[in-house]
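Colleague: Contents of upload_14.cif (mmCIF, N, CA and C atoms):
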data_run
loop_
_atom_site.label_atom_id
_atom_site.label_comp_id
_atom_site.auth_asym_id
_atom_site.auth_seq_id
_atom_site.Cartn_x
_atom_site.Cartn_y
_atom_site.Cartn_z
N MET A 27 99.12 112.66 110.61
CA MET A 27 99.50 111.35 111.11
C MET A 27 100.47 110.73 110.11
N ARG A 28 101.46 110.09 110.63
CA ARG A 28 102.44 109.43 109.79
C ARG A 28 102.51 107.95 110.20
N LEU A 29 102.32 107.08 109.23
CA LEU A 29 102.41 105.65 109.50
C LEU A 29 103.87 105.22 109.50
N THR A 30 104.16 104.14 110.19
CA THR A 30 105.53 103.65 110.27
C THR A 30 105.93 102.94 108.98
N ARG A 31 107.23 102.76 108.84
CA ARG A 31 107.76 102.00 107.70
C ARG A 31 107.24 100.57 107.74
N TYR A 32 107.02 100.05 108.94
CA TYR A 32 106.49 98.70 109.11
C TYR A 32 105.13 98.57 108.41
N SER A 33 104.25 99.53 108.63
CA SER A 33 102.94 99.53 107.97
C SER A 33 103.09 99.69 106.47
N ASP A 34 104.01 100.55 106.07
CA ASP A 34 104.28 100.76 104.65
C ASP A 34 104.69 99.45 103.99
N TYR A 35 105.64 98.75 104.59
CA TYR A 35 106.11 97.49 104.03
C TYR A 35 105.00 96.44 104.02
N ALA A 36 104.20 96.40 105.07
CA ALA A 36 103.09 95.44 105.12
C ALA A 36 102.12 95.69 103.97
N MET A 37 101.78 96.95 103.75
CA MET A 37 100.86 97.26 102.65
C MET A 37 101.50 96.96 101.30
N ARG A 38 102.79 97.24 101.14
CA ARG A 38 103.47 96.92 99.88
C ARG A 38 103.40 95.43 99.59
N VAL A 39 103.65 94.61 100.61
CA VAL A 39 103.59 93.15 100.46
C VAL A 39 102.19 92.73 100.04
N LEU A 40 101.19 93.23 100.75
CA LEU A 40 99.81 92.85 100.45
C LEU A 40 99.41 93.29 99.04
N LEU A 41 99.81 94.47 98.64
CA LEU A 41 99.50 94.95 97.28
C LEU A 41 100.17 94.07 96.23
N TYR A 42 101.43 93.74 96.46
CA TYR A 42 102.18 92.90 95.51
C TYR A 42 101.51 91.54 95.38
N LEU A 43 101.19 90.93 96.51
CA LEU A 43 100.56 89.60 96.48
C LEU A 43 99.12 89.67 95.96
N GLY A 44 98.45 90.76 96.25
CA GLY A 44 97.08 90.93 95.77
C GLY A 44 97.02 91.08 94.26
N ARG A 45 98.08 91.60 93.67
CA ARG A 45 98.13 91.77 92.22
C ARG A 45 98.43 90.43 91.54
N GLN A 46 98.96 89.46 92.30
CA GLN A 46 99.34 88.15 91.75
C GLN A 46 98.79 87.04 92.64
N PRO A 47 97.49 86.93 92.76
CA PRO A 47 96.90 86.01 93.75
C PRO A 47 97.07 84.53 93.42
N ASP A 48 97.42 84.20 92.20
CA ASP A 48 97.47 82.80 91.80
C ASP A 48 98.85 82.18 91.87
N ARG A 49 99.81 82.88 92.48
CA ARG A 49 101.14 82.28 92.57
C ARG A 49 101.82 82.63 93.88
N LEU A 50 102.77 81.79 94.25
CA LEU A 50 103.60 82.05 95.42
C LEU A 50 104.71 83.02 95.05
N CYS A 51 105.01 83.93 95.93
CA CYS A 51 106.09 84.90 95.70
C CYS A 51 107.09 84.77 96.83
N SER A 52 108.36 84.82 96.50
CA SER A 52 109.40 84.71 97.53
C SER A 52 109.63 86.08 98.17
N ILE A 53 110.16 86.04 99.38
CA ILE A 53 110.50 87.28 100.07
C ILE A 53 111.57 88.02 99.29
N ALA A 54 112.53 87.29 98.76
CA ALA A 54 113.60 87.91 97.98
C ALA A 54 113.03 88.63 96.75
N GLU A 55 112.06 88.02 96.11
CA GLU A 55 111.43 88.62 94.93
C GLU A 55 110.74 89.94 95.29
N ILE A 56 109.99 89.92 96.37
CA ILE A 56 109.26 91.13 96.78
C ILE A 56 110.24 92.22 97.18
N ALA A 57 111.26 91.85 97.95
CA ALA A 57 112.27 92.83 98.37
C ALA A 57 112.97 93.44 97.16
N ARG A 58 113.32 92.61 96.21
CA ARG A 58 114.00 93.09 95.00
C ARG A 58 113.07 93.99 94.18
N ALA A 59 111.81 93.61 94.08
CA ALA A 59 110.86 94.40 93.28
C ALA A 59 110.73 95.82 93.81
N TYR A 60 110.72 95.97 95.13
CA TYR A 60 110.58 97.28 95.74
C TYR A 60 111.91 97.95 96.07
N GLY A 61 113.00 97.18 95.97
CA GLY A 61 114.30 97.74 96.31
C GLY A 61 114.43 98.02 97.80
N ILE A 62 113.90 97.10 98.62
CA ILE A 62 113.96 97.28 100.07
C ILE A 62 114.67 96.08 100.72
N SER A 63 115.03 96.23 101.97
CA SER A 63 115.77 95.22 102.70
C SER A 63 114.98 93.93 102.87
N GLN A 64 115.60 92.84 102.48
CA GLN A 64 114.97 91.53 102.64
C GLN A 64 114.82 91.19 104.12
N ASN A 65 115.80 91.59 104.95
CA ASN A 65 115.72 91.31 106.39
C ASN A 65 114.52 92.01 107.04
N HIS A 66 114.29 93.28 106.68
CA HIS A 66 113.14 93.99 107.22
C HIS A 66 111.84 93.33 106.74
N LEU A 67 111.82 92.95 105.49
CA LEU A 67 110.62 92.36 104.91
C LEU A 67 110.30 91.01 105.55
N MET A 68 111.33 90.25 105.89
CA MET A 68 111.10 88.94 106.53
C MET A 68 110.32 89.11 107.83
N LYS A 69 110.71 90.10 108.62
CA LYS A 69 110.04 90.35 109.89
C LYS A 69 108.56 90.71 109.66
N VAL A 70 108.31 91.57 108.70
CA VAL A 70 106.94 92.00 108.39
C VAL A 70 106.12 90.82 107.89
N ILE A 71 106.67 90.06 106.97
CA ILE A 71 105.95 88.92 106.39
C ILE A 71 105.68 87.86 107.45
N ASN A 72 106.65 87.58 108.30
CA ASN A 72 106.44 86.61 109.38
C ASN A 72 105.28 87.04 110.27
N ASP A 73 105.22 88.32 110.58
CA ASP A 73 104.12 88.84 111.39
C ASP A 73 102.78 88.69 110.68
N LEU A 74 102.74 88.99 109.38
CA LEU A 74 101.49 88.87 108.62
C LEU A 74 101.05 87.42 108.48
N VAL A 75 102.01 86.50 108.39
CA VAL A 75 101.68 85.07 108.36
C VAL A 75 101.10 84.64 109.71
N ASN A 76 101.77 85.02 110.80
CA ASN A 76 101.30 84.65 112.14
C ASN A 76 99.93 85.24 112.45
N ALA A 77 99.63 86.40 111.87
CA ALA A 77 98.33 87.04 112.11
C ALA A 77 97.24 86.49 111.19
N GLY A 78 97.61 85.64 110.24
CA GLY A 78 96.63 85.03 109.35
C GLY A 78 96.30 85.81 108.10
N TRP A 79 97.03 86.88 107.82
CA TRP A 79 96.80 87.66 106.59
C TRP A 79 97.46 87.01 105.38
N LEU A 80 98.60 86.32 105.63
CA LEU A 80 99.33 85.64 104.56
C LEU A 80 99.45 84.16 104.88
N ALA A 81 99.62 83.36 103.83
CA ALA A 81 99.92 81.94 103.96
C ALA A 81 101.31 81.72 103.40
N SER A 82 102.07 80.85 104.04
CA SER A 82 103.42 80.58 103.54
C SER A 82 103.58 79.10 103.24
N VAL A 83 104.42 78.84 102.26
CA VAL A 83 104.76 77.47 101.89
C VAL A 83 106.28 77.39 101.96
N ARG A 84 106.77 76.47 102.76
CA ARG A 84 108.22 76.33 102.94
C ARG A 84 108.83 75.45 101.87
N GLY A 85 110.15 75.54 101.76
CA GLY A 85 110.89 74.65 100.88
C GLY A 85 111.10 75.22 99.49
N ARG A 86 111.77 74.42 98.69
CA ARG A 86 112.08 74.80 97.32
C ARG A 86 110.77 75.07 96.57
N GLY A 87 110.70 76.20 95.91
CA GLY A 87 109.49 76.57 95.19
C GLY A 87 108.43 77.16 96.10
N GLY A 88 108.76 77.36 97.37
CA GLY A 88 107.80 77.91 98.32
C GLY A 88 107.72 79.42 98.20
N GLY A 89 106.99 80.01 99.10
CA GLY A 89 106.84 81.46 99.11
C GLY A 89 105.62 81.84 99.92
N VAL A 90 105.12 83.03 99.66
CA VAL A 90 103.94 83.52 100.38
C VAL A 90 102.87 83.96 99.39
N ARG A 91 101.64 83.97 99.90
CA ARG A 91 100.50 84.45 99.13
C ARG A 91 99.46 84.96 100.13
N LEU A 92 98.45 85.63 99.64
CA LEU A 92 97.37 86.07 100.51
C LEU A 92 96.68 84.86 101.12
N ALA A 93 96.32 84.94 102.38
CA ALA A 93 95.63 83.84 103.04
C ALA A 93 94.13 83.88 102.80
N ARG A 94 93.65 85.01 102.29
CA ARG A 94 92.22 85.17 102.00
C ARG A 94 92.09 86.10 100.80
N PRO A 95 90.95 86.12 100.17
CA PRO A 95 90.76 87.01 99.00
C PRO A 95 90.96 88.48 99.38
N ALA A 96 91.44 89.25 98.43
CA ALA A 96 91.72 90.67 98.65
C ALA A 96 90.50 91.45 99.12
N HIS A 97 89.31 91.04 98.70
CA HIS A 97 88.11 91.77 99.12
C HIS A 97 87.73 91.51 100.59
N GLU A 98 88.43 90.57 101.22
CA GLU A 98 88.19 90.28 102.64
C GLU A 98 89.26 90.88 103.56
N ILE A 99 90.18 91.64 102.98
CA ILE A 99 91.27 92.23 103.76
C ILE A 99 91.02 93.73 103.90
N SER A 100 90.69 94.16 105.10
CA SER A 100 90.40 95.56 105.39
C SER A 100 91.70 96.33 105.58
N VAL A 101 91.83 97.45 104.88
CA VAL A 101 93.01 98.29 105.04
C VAL A 101 93.09 98.79 106.49
N GLY A 102 91.97 99.17 107.06
CA GLY A 102 91.95 99.63 108.44
C GLY A 102 92.44 98.57 109.41
N ALA A 103 92.03 97.33 109.20
CA ALA A 103 92.46 96.24 110.07
C ALA A 103 93.97 96.01 109.96
N ILE A 104 94.50 96.11 108.78
CA ILE A 104 95.95 95.94 108.59
C ILE A 104 96.70 97.06 109.32
N ILE A 105 96.25 98.28 109.15
CA ILE A 105 96.94 99.41 109.80
C ILE A 105 96.84 99.29 111.32
N ARG A 106 95.70 98.90 111.83
CA ARG A 106 95.57 98.71 113.28
C ARG A 106 96.53 97.62 113.77
N HIS A 107 96.69 96.58 112.94
CA HIS A 107 97.58 95.48 113.31
C HIS A 107 99.05 95.89 113.29
N THR A 108 99.44 96.70 112.33
CA THR A 108 100.86 97.01 112.14
C THR A 108 101.35 98.23 112.93
N GLU A 109 100.45 99.03 113.42
CA GLU A 109 100.85 100.21 114.20
C GLU A 109 100.78 99.89 115.69
N ASP A 110 101.78 100.33 116.43
CA ASP A 110 101.82 100.10 117.88
C ASP A 110 100.82 100.96 118.63
N GLY A 111 100.68 102.18 118.24
CA GLY A 111 99.79 103.08 118.94
C GLY A 111 99.38 104.21 118.03
N PHE A 112 98.35 104.89 118.42
CA PHE A 112 97.84 105.96 117.58
C PHE A 112 97.80 107.30 118.32
N ASP A 113 98.67 107.46 119.31
CA ASP A 113 98.72 108.75 119.98
C ASP A 113 99.30 109.78 119.02
N LEU A 114 98.48 110.73 118.63
CA LEU A 114 98.96 111.76 117.71
C LEU A 114 99.93 112.71 118.41
N VAL A 115 99.70 112.93 119.67
CA VAL A 115 100.63 113.69 120.51
C VAL A 115 100.66 113.01 121.87
N GLY A 116 101.59 113.40 122.71
CA GLY A 116 101.75 112.75 124.00
C GLY A 116 100.83 113.28 125.08
N CYS A 117 99.52 113.25 124.84
CA CYS A 117 98.54 113.78 125.80
C CYS A 117 98.63 113.08 127.16
N GLY A 118 98.95 111.82 127.18
CA GLY A 118 99.02 111.08 128.44
C GLY A 118 100.07 111.61 129.38
N ASP A 119 101.11 112.25 128.86
CA ASP A 119 102.18 112.78 129.68
C ASP A 119 101.98 114.25 130.03
N CYS A 120 100.91 114.85 129.57
CA CYS A 120 100.70 116.29 129.74
C CYS A 120 99.90 116.58 131.00
N ILE A 121 100.33 117.55 131.73
CA ILE A 121 99.70 117.90 133.01
C ILE A 121 98.28 118.45 132.85
N ILE A 122 97.98 119.07 131.70
CA ILE A 122 96.63 119.64 131.52
C ILE A 122 95.68 118.69 130.81
N SER A 123 96.13 117.49 130.51
CA SER A 123 95.33 116.52 129.76
C SER A 123 93.90 116.34 130.28
N PRO A 124 93.69 116.23 131.60
CA PRO A 124 92.31 116.03 132.10
C PRO A 124 91.36 117.18 131.76
N ALA A 125 91.89 118.37 131.53
CA ALA A 125 91.03 119.53 131.27
C ALA A 125 91.20 120.08 129.86
N CYS A 126 91.96 119.40 129.03
CA CYS A 126 92.29 119.92 127.70
C CYS A 126 91.26 119.47 126.66
N GLY A 127 90.77 120.41 125.89
CA GLY A 127 89.81 120.10 124.83
C GLY A 127 90.45 119.52 123.58
N LEU A 128 91.75 119.69 123.45
CA LEU A 128 92.43 119.19 122.26
C LEU A 128 92.42 117.66 122.20
N THR A 129 92.49 117.01 123.35
CA THR A 129 92.53 115.55 123.40
C THR A 129 91.33 114.94 122.68
N SER A 130 90.15 115.44 122.95
CA SER A 130 88.95 114.88 122.32
C SER A 130 88.90 115.21 120.83
N VAL A 131 89.41 116.37 120.44
CA VAL A 131 89.45 116.72 119.02
C VAL A 131 90.39 115.77 118.27
N LEU A 132 91.54 115.50 118.85
CA LEU A 132 92.49 114.58 118.21
C LEU A 132 91.93 113.16 118.17
N ASP A 133 91.24 112.75 119.22
CA ASP A 133 90.60 111.42 119.22
C ASP A 133 89.55 111.32 118.11
N GLU A 134 88.81 112.39 117.91
CA GLU A 134 87.80 112.42 116.85
C GLU A 134 88.45 112.34 115.46
N ALA A 135 89.55 113.07 115.30
CA ALA A 135 90.27 113.06 114.02
C ALA A 135 90.83 111.66 113.73
N LEU A 136 91.38 111.02 114.74
CA LEU A 136 91.91 109.68 114.57
C LEU A 136 90.80 108.70 114.21
N ALA A 137 89.66 108.81 114.86
CA ALA A 137 88.53 107.94 114.56
C ALA A 137 88.08 108.12 113.11
N ALA A 138 88.07 109.36 112.63
CA ALA A 138 87.69 109.63 111.23
C ALA A 138 88.72 109.02 110.28
N PHE A 139 89.99 109.16 110.59
CA PHE A 139 91.07 108.59 109.78
C PHE A 139 90.90 107.07 109.64
N LEU A 140 90.70 106.40 110.79
CA LEU A 140 90.54 104.94 110.77
C LEU A 140 89.24 104.53 110.10
N ALA A 141 88.19 105.33 110.23
CA ALA A 141 86.91 105.02 109.58
C ALA A 141 87.07 105.03 108.06
N VAL A 142 87.85 105.96 107.53
CA VAL A 142 88.09 105.99 106.09
C VAL A 142 88.83 104.72 105.67
N LEU A 143 89.88 104.35 106.40
CA LEU A 143 90.64 103.15 106.06
C LEU A 143 89.77 101.90 106.17
N ASP A 144 88.87 101.88 107.15
CA ASP A 144 87.96 100.74 107.31
C ASP A 144 87.00 100.61 106.13
N GLY A 145 86.79 101.68 105.41
CA GLY A 145 85.88 101.66 104.27
C GLY A 145 86.48 101.05 103.01
N TYR A 146 87.75 100.66 103.06
CA TYR A 146 88.42 100.12 101.89
C TYR A 146 89.01 98.74 102.18
N THR A 147 88.96 97.90 101.16
CA THR A 147 89.62 96.60 101.22
C THR A 147 90.85 96.65 100.32
N LEU A 148 91.66 95.62 100.42
CA LEU A 148 92.82 95.52 99.54
C LEU A 148 92.37 95.50 98.07
N ALA A 149 91.26 94.83 97.80
CA ALA A 149 90.73 94.79 96.42
C ALA A 149 90.35 96.19 95.94
N ASP A 150 89.76 97.00 96.81
CA ASP A 150 89.41 98.38 96.44
C ASP A 150 90.65 99.17 96.07
N VAL A 151 91.68 99.04 96.87
CA VAL A 151 92.93 99.78 96.63
C VAL A 151 93.56 99.32 95.31
N LEU A 152 93.56 98.02 95.08
CA LEU A 152 94.14 97.49 93.84
C LEU A 152 93.38 97.97 92.61
N ALA A 153 92.09 98.23 92.75
CA ALA A 153 91.26 98.63 91.61
C ALA A 153 91.29 100.13 91.34
N ARG A 154 91.83 100.92 92.24
CA ARG A 154 91.77 102.38 92.13
C ARG A 154 92.62 102.94 90.99
N ARG A 155 93.71 102.34 90.69
CA ARG A 155 94.61 102.84 89.65
C ARG A 155 95.02 101.68 88.76
N GLY A 156 95.90 101.94 87.82
CA GLY A 156 96.35 100.91 86.90
C GLY A 156 97.28 99.89 87.56
N ASP A 157 97.75 98.99 86.78
CA ASP A 157 98.66 97.94 87.24
C ASP A 157 100.02 98.56 87.56
N PHE A 158 100.50 98.36 88.78
CA PHE A 158 101.78 98.94 89.19
C PHE A 158 102.95 98.00 88.98
N LEU A 159 102.70 96.72 88.66
CA LEU A 159 103.80 95.77 88.52
C LEU A 159 104.85 96.20 87.50
N PRO A 160 104.47 96.80 86.36
CA PRO A 160 105.51 97.23 85.42
C PRO A 160 106.42 98.32 85.99
N LEU A 161 106.00 98.99 87.04
CA LEU A 161 106.82 100.04 87.65
C LEU A 161 107.89 99.48 88.59
N LEU A 162 107.74 98.22 88.97
CA LEU A 162 108.67 97.61 89.90
C LEU A 162 109.88 97.05 89.18
N ARG A 163 110.88 96.70 89.95
CA ARG A 163 112.07 96.08 89.38
C ARG A 163 111.70 94.70 88.84
N PRO A 164 112.47 94.19 87.89
CA PRO A 164 112.12 92.89 87.28
C PRO A 164 112.03 91.77 88.30
N LEU A 165 111.16 90.79 88.00
CA LEU A 165 111.03 89.61 88.83
C LEU A 165 112.34 88.83 88.82
N GLU A 166 112.54 88.06 89.86
CA GLU A 166 113.74 87.22 89.92
C GLU A 166 113.64 86.18 88.80
N PRO A 167 114.78 85.70 88.28
CA PRO A 167 114.75 84.75 87.16
C PRO A 167 113.95 83.49 87.45
N ARG A 168 114.01 82.96 88.69
CA ARG A 168 113.26 81.74 89.02
C ARG A 168 111.76 81.95 88.83
N ALA A 169 111.25 83.10 89.30
CA ALA A 169 109.81 83.38 89.20
C ALA A 169 109.41 83.58 87.75
N ALA A 170 110.22 84.29 86.99
CA ALA A 170 109.90 84.55 85.60
C ALA A 170 109.87 83.24 84.80
N ALA A 171 110.82 82.35 85.05
CA ALA A 171 110.86 81.07 84.33
C ALA A 171 109.68 80.19 84.75
N ARG A 172 109.35 80.21 86.01
CA ARG A 172 108.25 79.37 86.52
C ARG A 172 106.91 79.80 85.97
N ASP A 173 106.74 81.08 85.69
CA ASP A 173 105.46 81.61 85.24
C ASP A 173 105.25 81.56 83.74
N LYS A 174 106.26 81.14 82.99
CA LYS A 174 106.09 81.05 81.53
C LYS A 174 105.14 79.94 81.17
N PRO A 175 104.28 80.16 80.15
CA PRO A 175 103.32 79.12 79.75
C PRO A 175 103.97 77.93 79.09
#
Written as structure tokens, how would this file's structure read?

Modeller:
Amino acid sequence: MRLTRYSDYAMRVLLYLGRQPDRLCSIAEIARAYGISQNHLMKVINDLVNAGWLASVRGRGGGVRLARPAHEISVGAIIRHTEDGFDLVGCGDCIISPACGLTSVLDEALAAFLAVLDGYTLADVLARRGDFLPLLRPLEPRAAARDKP
């Protein structure tokens, strides 16, 4: 199974914000950190805000942050939200589908895949390895200046 770039970007945003829960982050900052298109990221972030996963603050000094604690965000729920469909193959268009045993095997595999993702929260994923922020591109100057003590 291959997840879409949309899901990839959604998870990147959530991981970035989950690593910095006490501050607002701009879309430009996140896009720059990952070296990805700000336009694509805007669409993903808008969707995550509308779905209640992120909170946004408009205006100067605004940005986005997690709308709930990382331990309340299920990886499986995010993937279900960001993926359009989970057809591993086009069984619905196949003439032998009603009598094919492969359909149920693939359905079982998909259920197992989603069950594993359901077993993890954003907090679990963030805790699995070290801090990834040093691996990203530098923060935008506005964010770096704002965060100085």

Colleague: Any chance you could resolve the PyMOL selection byres (((chain A and resi 50-60 and name CA) around 7) and name CA) against this file and give the residues as a list in words?

Modeller: Arg49, Gly61, Ile62, Ser63, Gln64, Leu67, Met68, Gly88, Gly89, Val90, Arg91, Leu162, Arg163, Pro164, Leu165 and Glu166 of chain A

Colleague: Would you return as a PyMOL selection string the members of region 65-171 of chain A that DSSP assigns to helix (DSSP H, G or I) on this structure's backbone?

Modeller: chain A and resi 65-76+96-98+101-108+117-119+123-125+128-144+148-154+159-161+167-171

Colleague: Excluding same-chain residues fewer than 4 positions from region 39-48 of chain A, what lies within 8 Å of it counting only C-alpha atoms, as number ranges by chain?

Modeller: A: 35, 56, 71, 90-92, 96, 148-149, 152, 157, 159

Colleague: Kindly indicate which residue among A:Ala103, A:Ala141, A:Arg86, A:Leu132 lies nearest to Val115 (chain A), using all atoms listed in the file for the distances.

Modeller: A:Leu132

Colleague: Measure the distance from atom N of Thr30 (chain A) to CA of Glu109 (chain A) in Å and round it to one decimal.

Modeller: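 These two atoms are separated by 6.5 Å.
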
Colleague: Interatomic distance between atom N of Trp79 (chain A) and atom N of Asp133 (chain A)?

Modeller: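 Computed distance, atom N of Trp79 (chain A) to atom N of Asp133 (chain A), equals 28.9 Å.
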
Colleague: Could you give me, as a list in words, each residue of chain A that DSSP assigns to strand (DSSP E or B) when run on this structure's backbone?

Modeller: Cys51, Leu80, Ala81, Ser82, Val83, Gly89, Val90, Arg91, Leu92, Ser100 and Thr147 of chain A

Colleague: Would you please work out which residue, of A:His107, A:Leu143, A:Ala153, A:Leu136, is nearest to Ser33 (chain A) when using only N, CA and C atoms?

Modeller: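 Looking at the shortest contact to Ser33 (chain A), the residue is A:His107.
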
Colleague: Which of these, A:Leu80, A:Ile105, A:Met37, A:Asn72, has the shortest distance to Ala93 (chain A) once you count all atoms listed in the file?

Modeller: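 For Ala93 (chain A), the nearest of the candidates is A:Leu80.
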
Colleague: Expressed in Å to a single decimal, how great is the separation between CA of Glu98 (chain A) and CA of Thr147 (chain A)?

Modeller: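 Those two atoms sit 6.6 Å apart.
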